[in-house]
Amino acid sequence: MYTIVQKRELNPTVTLMEIKAPFIAAKAQPGQFVILRAGEDDERVPFAIAKYNRVAGTVSIIFRAVGATTEKLNRLREGDSVTDIVGPLGMITKTHGVKKACIVAGGVASAIALPIVRKLHEQDAEVTLIVGFRSKENFMLLDEFRDSSDRLYAMTDDGSYGLYGSVSVQLQKLFDEGERFDLVFTVGPLTMMKNVVETVRPTGIPCTVSMNPIMIDGTGMCGGCRITLHRDGRDVTSFACVEGPEYNGYEVDFDEAICRGNMYRREERLAREATCNLYKKAVD
């Protein structure tokens, strides 16, 4: 049984869920993910491993209820169980030899950056973190980020907290001031990551992006997670569930990824609305 041992609201729309999964916790590393089914008849959905506790045998996921499955998942309580969870999947974040890094994260996907920031901190690397949200009420994990970073720049789109503006604007400001890094790692909305990559490109600094395409089986067979890379003058198809989810940001075809990521937005919205209506009728 994969028991939910802790459920915590990080902000009004985002939930942290800690799940008992000792075999996964024993092997999990930064950058990896799991695929989970909330119930017997539910779809399989990927979630980044935001935290792992080898002693307690737990892994934590952080999510926003945007579709039918995450809505059902969010209805579960501490002590309930999810049907199954498989992992750790995906490649491990490459941090060997990195002495000075800049992590640029945005939105709920910032959770993916947390284990990476912690690993770099444990390696005694100097970590600069730029994290952005729409507004003050959307912020999460700030205390955890502060504990593991040497510099933290909090950004908001509306200026209600921290600095006003986008994460790429602050990154450009650091470059203009002469800052250089061994690595820039970015995770967040696709458009945000595209802008970060274009900001880094003139410097030539290695830039890693964490992709989150549609996934189904998690083995590379279904092809749903494919992304296109522009590599050595040709287009290469890569399957993010087994070869990613992290890539050289300079190679990723972001325009295609954005188009594919928006394909099922309408269906997701309708499925969530139907699920919410079912719960509402059950309560009434």
# chains A, B, ... in the order shown; residues from 1 in each chain; ligands from 1
>>> select_by_dssp(residues="stretch 129-215 of chain A", states="alpha helix (DSSP H)", output="ChimeraX atom specification")
/A:142-148,167-176,190-200
>>> residues_around(residues="A:Asn138", least_positions_apart="2", cutoff="10 Å", atoms="only C-alpha atoms", output="PyMOL selection string")
chain A and resi 10-14+107-108+132-136+140+156+161
>>> residues_around(residues="stretch 251-255 of chain A", least_positions_apart="3", cutoff="7 Å", atoms="only C-alpha atoms", output="CSV table (one decimal) with N, CA and C atoms, in the first residue's frame")
chain,number,residue,atom,x,y,z
A,190,LEU,N,7.0,26.4,-20.2
A,190,LEU,CA,7.9,26.3,-21.4
A,190,LEU,C,8.3,27.6,-22.0
A,194,LYS,N,12.1,28.9,-22.4
A,194,LYS,CA,12.6,29.4,-23.7
A,194,LYS,C,13.3,30.7,-23.6
A,228,THR,N,11.7,17.3,-29.9
A,228,THR,CA,12.6,17.4,-31.0
A,228,THR,C,13.8,18.3,-30.6
A,229,LEU,N,15.0,17.7,-30.9
A,229,LEU,CA,16.3,18.4,-30.6
A,229,LEU,C,16.9,18.8,-31.9
A,230,HIS,N,17.5,20.0,-32.0
A,230,HIS,CA,18.3,20.4,-33.1
A,230,HIS,C,19.7,20.1,-32.7
A,231,ARG,N,20.3,19.1,-33.2
A,231,ARG,CA,21.6,18.6,-32.8
A,231,ARG,C,22.5,18.3,-34.0
A,248,ASN,N,20.0,19.7,-22.9
A,248,ASN,CA,20.7,20.9,-23.3
A,248,ASN,C,19.7,21.9,-23.9
A,258,ILE,N,5.8,23.6,-27.0
A,258,ILE,CA,4.7,24.5,-26.5
A,258,ILE,C,3.4,24.1,-27.2
A,259,CYS,N,3.5,23.9,-28.5
A,259,CYS,CA,2.3,23.5,-29.3
A,259,CYS,C,1.8,22.1,-28.8
>>> residues_around(residues="A:Ala101", least_positions_apart="4", cutoff="9 Å", atoms="only C-alpha atoms", output="PyMOL selection string")
chain A and resi 120+125-129+180-185
>>> closest_atom_pairs(of="stretch 110-146 of chain A", to="stretch 15-39 of chain A", cutoff="9 Å", atoms="only C-alpha atoms", output="JSON lines")
{"residue": "A:Ile112", "atom": "CA", "partner": "A:Gly31", "partner_atom": "CA", "distance": 6.9}
{"residue": "A:Ala113", "atom": "CA", "partner": "A:Gly31", "partner_atom": "CA", "distance": 8.0}
{"residue": "A:Leu114", "atom": "CA", "partner": "A:Pro30", "partner_atom": "CA", "distance": 8.4}
{"residue": "A:Pro115", "atom": "CA", "partner": "A:Pro30", "partner_atom": "CA", "distance": 5.2}
{"residue": "A:Ile116", "atom": "CA", "partner": "A:Pro30", "partner_atom": "CA", "distance": 5.3}
{"residue": "A:Val117", "atom": "CA", "partner": "A:Pro30", "partner_atom": "CA", "distance": 8.9}
{"residue": "A:Arg118", "atom": "CA", "partner": "A:Pro30", "partner_atom": "CA", "distance": 8.8}
{"residue": "A:Lys119", "atom": "CA", "partner": "A:Pro30", "partner_atom": "CA", "distance": 7.4}
>>> residues_around(residues="stretch 218-225 of chain A", least_positions_apart="4", cutoff="9 Å", atoms="only C-alpha atoms", output="list of chain:residue names")
A:Val34, A:Ile35, A:Pro46, A:Leu89, A:Gly90, A:Asn212, A:Pro213, A:Ile214, A:Ser238, A:Phe239, A:Ala240, A:Cys241, A:Val242, A:Glu243
>>> closest_residue(among="A:Lys7, A:Arg75, A:Arg226, A:Arg266", to="A:Met211", atoms="only C-alpha atoms")
A:Arg226
>>> select_by_dssp(residues="stretch 90-220 of chain A", states="strand (DSSP E or B)", output="PyMOL selection string")
chain A and resi 100-106+126-133+151-156+163-164+183-187+207-210
>>> residues_around(residues="A:Ala50", least_positions_apart="4", cutoff="6 Å", atoms="only C-alpha atoms", output="list in words")
Ser60, Ile61, Ala111 and Ile112 of chain A
>>> write_last_selection(atoms="N, CA, C and O atoms", output="mmCIF file, in the first residue's frame")
data_model
loop_
_atom_site.group_PDB
_atom_site.id
_atom_site.type_symbol
_atom_site.label_atom_id
_atom_site.label_comp_id
_atom_site.auth_asym_id
_atom_site.auth_seq_id
_atom_site.Cartn_x
_atom_site.Cartn_y
_atom_site.Cartn_z
ATOM 1 N N SER A 60 8.025 12.711 -1.918
ATOM 2 C CA SER A 60 7.028 13.780 -1.926
ATOM 3 C C SER A 60 6.828 14.312 -3.333
ATOM 4 O O SER A 60 7.794 14.487 -4.080
ATOM 5 N N ILE A 61 5.581 14.554 -3.679
ATOM 6 C CA ILE A 61 5.237 15.192 -4.934
ATOM 7 C C ILE A 61 4.521 16.502 -4.628
ATOM 8 O O ILE A 61 3.918 16.655 -3.562
ATOM 9 N N ALA A 111 9.232 23.183 -7.601
ATOM 10 C CA ALA A 111 9.458 22.028 -6.729
ATOM 11 C C ALA A 111 10.537 21.114 -7.287
ATOM 12 O O ALA A 111 11.278 20.473 -6.535
ATOM 13 N N ILE A 112 10.635 21.035 -8.616
ATOM 14 C CA ILE A 112 11.637 20.183 -9.251
ATOM 15 C C ILE A 112 13.043 20.668 -8.933
ATOM 16 O O ILE A 112 13.991 19.881 -8.840
#
>>> closest_residue(among="A:Asn53, A:Thr3, A:Ser166, A:Gln123", to="A:Glu78", atoms="only C-alpha atoms")
A:Thr3
>>> residues_around(residues="A:Asp143", least_positions_apart="3", cutoff="12 Å", atoms="only C-alpha atoms", output="list of chain:residue names")
A:Leu10, A:Leu114, A:Phe139, A:Met140, A:Arg146, A:Asp147, A:Ser148, A:Ser149, A:Leu152, A:Ala154
>>> atom_distance(atom1="atom CA of A:Thr191", atom2="atom CA of A:Leu142")
22.9 Å
>>> closest_residue(among="A:Gly67, A:Pro189, A:Gly178, A:Gly106", to="A:Gly165", atoms="only C-alpha atoms")
A:Gly106
>>> decode(residues="stretch 160-187 of chain A", atoms="N, CA, C and O atoms", output="PDB file, in the first residue's frame")
ATOM      1  N   SER A 160       4.051  42.134  -6.211  1.00  0.00           N
ATOM      2  CA  SER A 160       3.462  42.050  -4.872  1.00  0.00           C
ATOM      3  C   SER A 160       4.402  41.435  -3.845  1.00  0.00           C
ATOM      4  O   SER A 160       4.142  41.492  -2.641  1.00  0.00           O
ATOM      5  N   TYR A 161       5.498  40.843  -4.312  1.00  0.00           N
ATOM      6  CA  TYR A 161       6.491  40.277  -3.390  1.00  0.00           C
ATOM      7  C   TYR A 161       7.847  40.265  -4.070  1.00  0.00           C
ATOM      8  O   TYR A 161       7.956  40.030  -5.272  1.00  0.00           O
ATOM      9  N   GLY A 162       8.888  40.527  -3.299  1.00  0.00           N
ATOM     10  CA  GLY A 162      10.234  40.486  -3.856  1.00  0.00           C
ATOM     11  C   GLY A 162      10.433  41.535  -4.932  1.00  0.00           C
ATOM     12  O   GLY A 162      10.000  42.680  -4.810  1.00  0.00           O
ATOM     13  N   LEU A 163      11.072  41.103  -6.023  1.00  0.00           N
ATOM     14  CA  LEU A 163      11.370  42.000  -7.125  1.00  0.00           C
ATOM     15  C   LEU A 163      10.312  41.884  -8.219  1.00  0.00           C
ATOM     16  O   LEU A 163       9.773  40.814  -8.460  1.00  0.00           O
ATOM     17  N   TYR A 164      10.037  42.991  -8.865  1.00  0.00           N
ATOM     18  CA  TYR A 164       9.044  43.009  -9.952  1.00  0.00           C
ATOM     19  C   TYR A 164       9.695  42.579 -11.255  1.00  0.00           C
ATOM     20  O   TYR A 164      10.787  43.035 -11.607  1.00  0.00           O
ATOM     21  N   GLY A 165       9.030  41.678 -11.961  1.00  0.00           N
ATOM     22  CA  GLY A 165       9.510  41.307 -13.281  1.00  0.00           C
ATOM     23  C   GLY A 165       9.699  39.816 -13.444  1.00  0.00           C
ATOM     24  O   GLY A 165       9.436  39.020 -12.542  1.00  0.00           O
ATOM     25  N   SER A 166      10.190  39.430 -14.604  1.00  0.00           N
ATOM     26  CA  SER A 166      10.364  38.015 -14.927  1.00  0.00           C
ATOM     27  C   SER A 166      11.732  37.520 -14.470  1.00  0.00           C
ATOM     28  O   SER A 166      12.666  38.302 -14.244  1.00  0.00           O
ATOM     29  N   VAL A 167      11.861  36.213 -14.382  1.00  0.00           N
ATOM     30  CA  VAL A 167      13.120  35.621 -13.942  1.00  0.00           C
ATOM     31  C   VAL A 167      14.242  35.878 -14.945  1.00  0.00           C
ATOM     32  O   VAL A 167      15.402  36.056 -14.564  1.00  0.00           O
ATOM     33  N   SER A 168      13.909  35.905 -16.231  1.00  0.00           N
ATOM     34  CA  SER A 168      14.941  36.132 -17.245  1.00  0.00           C
ATOM     35  C   SER A 168      15.494  37.551 -17.184  1.00  0.00           C
ATOM     36  O   SER A 168      16.670  37.786 -17.498  1.00  0.00           O
ATOM     37  N   VAL A 169      14.658  38.504 -16.752  1.00  0.00           N
ATOM     38  CA  VAL A 169      15.138  39.890 -16.592  1.00  0.00           C
ATOM     39  C   VAL A 169      16.196  39.953 -15.496  1.00  0.00           C
ATOM     40  O   VAL A 169      17.241  40.600 -15.648  1.00  0.00           O
ATOM     41  N   GLN A 170      15.943  39.263 -14.377  1.00  0.00           N
ATOM     42  CA  GLN A 170      16.919  39.252 -13.287  1.00  0.00           C
ATOM     43  C   GLN A 170      18.190  38.509 -13.695  1.00  0.00           C
ATOM     44  O   GLN A 170      19.299  38.921 -13.349  1.00  0.00           O
ATOM     45  N   LEU A 171      18.036  37.427 -14.457  1.00  0.00           N
ATOM     46  CA  LEU A 171      19.209  36.700 -14.937  1.00  0.00           C
ATOM     47  C   LEU A 171      20.064  37.584 -15.837  1.00  0.00           C
ATOM     48  O   LEU A 171      21.293  37.613 -15.723  1.00  0.00           O
ATOM     49  N   GLN A 172      19.421  38.328 -16.739  1.00  0.00           N
ATOM     50  CA  GLN A 172      20.152  39.234 -17.625  1.00  0.00           C
ATOM     51  C   GLN A 172      20.880  40.305 -16.816  1.00  0.00           C
ATOM     52  O   GLN A 172      22.017  40.684 -17.139  1.00  0.00           O
ATOM     53  N   LYS A 173      20.246  40.788 -15.748  1.00  0.00           N
ATOM     54  CA  LYS A 173      20.876  41.793 -14.893  1.00  0.00           C
ATOM     55  C   LYS A 173      22.153  41.245 -14.273  1.00  0.00           C
ATOM     56  O   LYS A 173      23.175  41.950 -14.207  1.00  0.00           O
ATOM     57  N   LEU A 174      22.128  39.989 -13.841  1.00  0.00           N
ATOM     58  CA  LEU A 174      23.328  39.373 -13.269  1.00  0.00           C
ATOM     59  C   LEU A 174      24.432  39.274 -14.311  1.00  0.00           C
ATOM     60  O   LEU A 174      25.603  39.549 -14.025  1.00  0.00           O
ATOM     61  N   PHE A 175      24.071  38.893 -15.538  1.00  0.00           N
ATOM     62  CA  PHE A 175      25.069  38.822 -16.602  1.00  0.00           C
ATOM     63  C   PHE A 175      25.649  40.207 -16.897  1.00  0.00           C
ATOM     64  O   PHE A 175      26.858  40.357 -17.115  1.00  0.00           O
ATOM     65  N   ASP A 176      24.773  41.224 -16.908  1.00  0.00           N
ATOM     66  CA  ASP A 176      25.230  42.591 -17.170  1.00  0.00           C
ATOM     67  C   ASP A 176      26.194  43.072 -16.094  1.00  0.00           C
ATOM     68  O   ASP A 176      27.065  43.915 -16.362  1.00  0.00           O
ATOM     69  N   GLU A 177      26.033  42.529 -14.889  1.00  0.00           N
ATOM     70  CA  GLU A 177      26.918  42.897 -13.776  1.00  0.00           C
ATOM     71  C   GLU A 177      28.206  42.085 -13.756  1.00  0.00           C
ATOM     72  O   GLU A 177      29.024  42.244 -12.866  1.00  0.00           O
ATOM     73  N   GLY A 178      28.355  41.206 -14.752  1.00  0.00           N
ATOM     74  CA  GLY A 178      29.592  40.441 -14.869  1.00  0.00           C
ATOM     75  C   GLY A 178      29.559  39.046 -14.278  1.00  0.00           C
ATOM     76  O   GLY A 178      30.586  38.356 -14.253  1.00  0.00           O
ATOM     77  N   GLU A 179      28.400  38.603 -13.796  1.00  0.00           N
ATOM     78  CA  GLU A 179      28.303  37.272 -13.203  1.00  0.00           C
ATOM     79  C   GLU A 179      28.437  36.187 -14.276  1.00  0.00           C
ATOM     80  O   GLU A 179      27.909  36.312 -15.371  1.00  0.00           O
ATOM     81  N   ARG A 180      29.141  35.119 -13.925  1.00  0.00           N
ATOM     82  CA  ARG A 180      29.239  33.951 -14.788  1.00  0.00           C
ATOM     83  C   ARG A 180      29.096  32.696 -13.938  1.00  0.00           C
ATOM     84  O   ARG A 180      29.450  32.693 -12.762  1.00  0.00           O
ATOM     85  N   PHE A 181      28.601  31.628 -14.546  1.00  0.00           N
ATOM     86  CA  PHE A 181      28.334  30.403 -13.817  1.00  0.00           C
ATOM     87  C   PHE A 181      28.868  29.204 -14.598  1.00  0.00           C
ATOM     88  O   PHE A 181      29.064  29.267 -15.808  1.00  0.00           O
ATOM     89  N   ASP A 182      29.086  28.108 -13.882  1.00  0.00           N
ATOM     90  CA  ASP A 182      29.451  26.863 -14.553  1.00  0.00           C
ATOM     91  C   ASP A 182      28.233  26.245 -15.227  1.00  0.00           C
ATOM     92  O   ASP A 182      28.366  25.505 -16.206  1.00  0.00           O
ATOM     93  N   LEU A 183      27.061  26.534 -14.665  1.00  0.00           N
ATOM     94  CA  LEU A 183      25.830  25.939 -15.169  1.00  0.00           C
ATOM     95  C   LEU A 183      24.645  26.836 -14.847  1.00  0.00           C
ATOM     96  O   LEU A 183      24.568  27.403 -13.757  1.00  0.00           O
ATOM     97  N   VAL A 184      23.732  26.952 -15.816  1.00  0.00           N
ATOM     98  CA  VAL A 184      22.413  27.532 -15.555  1.00  0.00           C
ATOM     99  C   VAL A 184      21.402  26.411 -15.747  1.00  0.00           C
ATOM    100  O   VAL A 184      21.390  25.751 -16.799  1.00  0.00           O
ATOM    101  N   PHE A 185      20.597  26.176 -14.731  1.00  0.00           N
ATOM    102  CA  PHE A 185      19.556  25.149 -14.788  1.00  0.00           C
ATOM    103  C   PHE A 185      18.210  25.842 -14.659  1.00  0.00           C
ATOM    104  O   PHE A 185      18.014  26.673 -13.776  1.00  0.00           O
ATOM    105  N   THR A 186      17.272  25.507 -15.550  1.00  0.00           N
ATOM    106  CA  THR A 186      15.974  26.165 -15.487  1.00  0.00           C
ATOM    107  C   THR A 186      14.829  25.161 -15.599  1.00  0.00           C
ATOM    108  O   THR A 186      14.916  24.172 -16.332  1.00  0.00           O
ATOM    109  N   VAL A 187      13.763  25.433 -14.847  1.00  0.00           N
ATOM    110  CA  VAL A 187      12.564  24.608 -14.871  1.00  0.00           C
ATOM    111  C   VAL A 187      11.361  25.507 -14.619  1.00  0.00           C
ATOM    112  O   VAL A 187      11.415  26.427 -13.807  1.00  0.00           O
TER     113      VAL A 187
END
